[in-house]
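Peer 1: Below you'll find the structure I mean.
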Amino acid sequence: MGYWIGIDLGGTNMVCGLLDESMNIVAKLKKPTLANQGADDIIQRIAENAELLLEQNLVNKSDLLGIGMGSPGFINPDLGIGVFSANLGWRDYPVAAQLQALTGIPVSIDNDVRMYVYGEAIQGAGRDHDHVLGITLGTGIAAAVVNNGKLYYGGGYMAGEIGHIPMDGVTAKCGCGLVGCLETVASATGIARQAREALQAGRSSILGEWFTGDNIQRLIATDVSKAYDAGDALAQEIMDYTGRALGKGLAAAVTLFSPDCIVIGGGAALAGERLFAPMREEIQKSVIPIYWDRLTIVRGELIDDGGVIGSATFAKSRA
Ligand SMILES: [Zn+2]
């Protein structure tokens, strides 16, 4: 019996999963990343957690076939290098080689969004489709494309940054340094920001009753969903606008890549139909009907396990 380890590395936590040869998760371990302690330290801790996972499940290292990992930031999967990640301190850092040196096991690494989408495309909600475009909607938004089982990378392995498409009429500054990026609107942070700014501009809303004074800083996207369900006009306006902005961004991607299936994952996907209904409408009216007719739009199935399953599946595909 052979095993794989899949690691979903985040800025706050890392999840290490042990998977069997059919990519079923046998066990998982969640530990803090402690990103501020630097790249060498992070890799050391990943190696320790991988060993611990084997020990706890009585798996011999000789039965471990490979380790896959998804990491935030710009990653070169062919060289196994963390090209740049502000949070994790990758600056052309040899992530795969370091982890391989510590564990003695072959390591594959790629960007975390690509690993999540790869998992959904091969093992999850997109498995019945050959051309899958997946997005993660969380604090930001990013996309990846899996075409006939293979990830599309683009030059510099940088394809997929759909969150930084400029949107007409949006003036918010983005973390990337540009102004008016899609993710300043279509993300959990974007939804909360719109609500806060509307309240500060004096718009009346049930959210203004829930969050008075400085408490407004505590308002998050989930609160906008709750207000939406309570029939609040401002919350409905924000969800509608956000869904349409998302739809516009995706419509451009649909015409460019012609996916059979769009998989939507990430925490903000929990807004569900409040966001997806206007999004679908916007895509449908923005693309030529022959694209729309072949398109299925679904929520991700693997949710929290997508990164673990995707990176283990990726490691297997590279072995
Ligand atoms: Zn941006």
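Identifiers in this document derive from the order of the structure tokens: chains are assigned A, B, ..., residues are numbered from 1 separately in each chain, and ligands are numbered from 1 in order of occurrence.
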Tell me which protein, DNA and RNA residues are within 7 Å of Ser85 (chain A), counting only C-alpha atoms, leaving out same-chain ones fewer than 3 positions away, and put them as a list in words.
Peer 2: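 Here the qualifying residues turn out to be Pro72, Gly73, Phe74, Leu88, Gly89, Trp90 and Arg91 of chain A.
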Peer 1: Please, which residues have at least one atom within 7 Å of an atom of ligand 1, using only C-alpha atoms and all ligand atoms, listed as a list in words?
Peer 2: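 Using only C-alpha atoms and all ligand atoms, everything at most 7 Å from ligand 1 comes to Gly163, His164, Cys174, Gly175, Cys176, Gly177, Leu178, Val179, Cys181 and Glu183 of chain A.
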Peer 1: Quick one: distance from CA of Leu199 (chain A) to CA of Gly138 (chain A) in Å, one decimal?
Peer 2: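 Spanning CA of Leu199 (chain A) to CA of Gly138 (chain A) is a straight-line distance of 22.4 Å.
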Peer 1: At what distance in Å, to one decimal, does CA of Ala319 (chain A) lie from CA of Ile7 (chain A)?
Peer 2: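 Distance reported for this atom pair: 16.2 Å.
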Peer 1: Can you pull out the residues contacting Ile141 (chain A)? Cut-off 8 Å, using only C-alpha atoms, and skip same-chain residues under 4 positions away; I want them as a PDB file with N, CA and C atoms, in the first residue's frame.
Peer 2:
```
ATOM      1  N   ILE A 135     -12.321  29.034  -9.297  1.00  0.00           N
ATOM      2  CA  ILE A 135     -11.896  30.240  -8.575  1.00  0.00           C
ATOM      3  C   ILE A 135     -12.005  29.990  -7.072  1.00  0.00           C
ATOM      4  N   THR A 136     -11.169  30.682  -6.324  1.00  0.00           N
ATOM      5  CA  THR A 136     -11.346  30.728  -4.875  1.00  0.00           C
ATOM      6  C   THR A 136     -11.692  32.159  -4.516  1.00  0.00           C
ATOM      7  N   LEU A 137     -12.796  32.274  -3.801  1.00  0.00           N
ATOM      8  CA  LEU A 137     -13.336  33.564  -3.412  1.00  0.00           C
ATOM      9  C   LEU A 137     -13.171  33.656  -1.899  1.00  0.00           C
ATOM     10  N   GLU A 161      -4.534  35.265 -12.234  1.00  0.00           N
ATOM     11  CA  GLU A 161      -4.762  36.333 -11.245  1.00  0.00           C
ATOM     12  C   GLU A 161      -5.949  37.211 -11.648  1.00  0.00           C
ATOM     13  N   ILE A 162      -7.103  36.581 -11.718  1.00  0.00           N
ATOM     14  CA  ILE A 162      -8.324  37.246 -12.176  1.00  0.00           C
ATOM     15  C   ILE A 162      -8.741  38.379 -11.233  1.00  0.00           C
ATOM     16  N   GLY A 163      -8.280  38.317  -9.995  1.00  0.00           N
ATOM     17  CA  GLY A 163      -8.621  39.350  -9.014  1.00  0.00           C
ATOM     18  C   GLY A 163      -8.065  40.716  -9.365  1.00  0.00           C
ATOM     19  N   GLU A 183     -10.929  42.223  -7.216  1.00  0.00           N
ATOM     20  CA  GLU A 183     -11.010  41.679  -5.853  1.00  0.00           C
ATOM     21  C   GLU A 183     -11.262  42.744  -4.786  1.00  0.00           C
ATOM     22  N   ALA A 186     -15.163  41.949  -5.463  1.00  0.00           N
ATOM     23  CA  ALA A 186     -15.597  40.556  -5.418  1.00  0.00           C
ATOM     24  C   ALA A 186     -14.664  39.713  -4.546  1.00  0.00           C
ATOM     25  N   SER A 187     -14.843  39.833  -3.237  1.00  0.00           N
ATOM     26  CA  SER A 187     -14.091  39.051  -2.250  1.00  0.00           C
ATOM     27  C   SER A 187     -14.788  39.294  -0.914  1.00  0.00           C
TER      28      SER A 187
END
```
Peer 1: Of the candidates A:Ala159, A:Ile25, A:Ile43, A:Ala50, which shows the shortest atom-to-atom distance to Asn76 (chain A), using only C-alpha atoms?
Peer 2: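 Ranked by minimum distance to Asn76 (chain A), first place goes to A:Ala159.
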Peer 1: For a quick check of understanding, using only C-alpha atoms, which of A:Gly80, A:Gly202, A:Pro166, A:Gly156 has the smallest distance to Val185 (chain A)?
Peer 2: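 Nearest to Val185 (chain A): A:Pro166.
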Peer 1: Using CA of Ser286 (chain A) and CA of Ala251 (chain A) as the two end points, give the distance in Å to one decimal.
Peer 2: 6.0 Å
Peer 1: Identify which of the residues A:Leu34, A:Leu275, A:Met1, A:Ala227 lies closest to Leu64 (chain A), counting only C-alpha atoms when measuring atom-to-atom distances.
Peer 2: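 Closest residue, counting only C-alpha atoms: A:Met1.
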Peer 1: Given only C-alpha atoms as the basis, pick out the residue of A:Ile216, A:Ile165, A:Leu270, A:Ala142 nearest to Lys248 (chain A).
Peer 2: A:Ile165
Peer 1: Could you give me, as number ranges by chain, the residues within 8 Å of Thr12 (chain A), counting only C-alpha atoms and dropping anything in the same chain fewer than 6 positions from it?
Peer 2: A: 32-35
Peer 1: Would you pick out the contacts of Thr242 (chain A) at 10 Å or less, using only C-alpha atoms, so that residues sharing its chain but fewer than 4 positions from it are not included, and give the list as a ChimeraX atom specification?
Peer 2: /A:182-187,190-191,194,236-238,246-248,274-276,278-279
Peer 1: Could you take the residues named above and write them with C-alpha atoms, as an mmCIF file, in the first residue's frame?
Peer 2:
```cif
data_model
loop_
_atom_site.group_PDB
_atom_site.id
_atom_site.type_symbol
_atom_site.label_atom_id
_atom_site.label_comp_id
_atom_site.auth_asym_id
_atom_site.auth_seq_id
_atom_site.Cartn_x
_atom_site.Cartn_y
_atom_site.Cartn_z
ATOM 1 C CA LEU A 182 -11.971 43.064 -9.270
ATOM 2 C CA GLU A 183 -11.010 41.679 -5.853
ATOM 3 C CA THR A 184 -11.531 45.055 -4.159
ATOM 4 C CA VAL A 185 -15.221 44.311 -4.848
ATOM 5 C CA ALA A 186 -15.597 40.556 -5.418
ATOM 6 C CA SER A 187 -14.091 39.051 -2.250
ATOM 7 C CA GLY A 190 -14.550 43.669 -0.768
ATOM 8 C CA ILE A 191 -18.098 42.896 0.391
ATOM 9 C CA GLN A 194 -18.556 48.197 0.484
ATOM 10 C CA GLN A 236 -29.106 43.187 -1.350
ATOM 11 C CA GLU A 237 -27.645 46.004 -3.428
ATOM 12 C CA ILE A 238 -24.085 45.057 -2.374
ATOM 13 C CA LEU A 246 -17.758 38.733 -10.459
ATOM 14 C CA GLY A 247 -19.874 37.784 -13.479
ATOM 15 C CA LYS A 248 -18.145 40.399 -15.655
ATOM 16 C CA ARG A 274 -27.150 35.762 -3.000
ATOM 17 C CA LEU A 275 -24.008 36.191 -5.103
ATOM 18 C CA PHE A 276 -24.347 33.458 -7.715
ATOM 19 C CA PRO A 278 -26.648 37.959 -10.255
ATOM 20 C CA MET A 279 -23.276 36.471 -11.274
#
```
Peer 1: A:Gly208, A:Leu29, A:Ala271, A:Glu120: which is nearest Lys226 (chain A), counting only C-alpha atoms?
Peer 2: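 Answer, going by the shortest atom-to-atom distance: A:Ala271.
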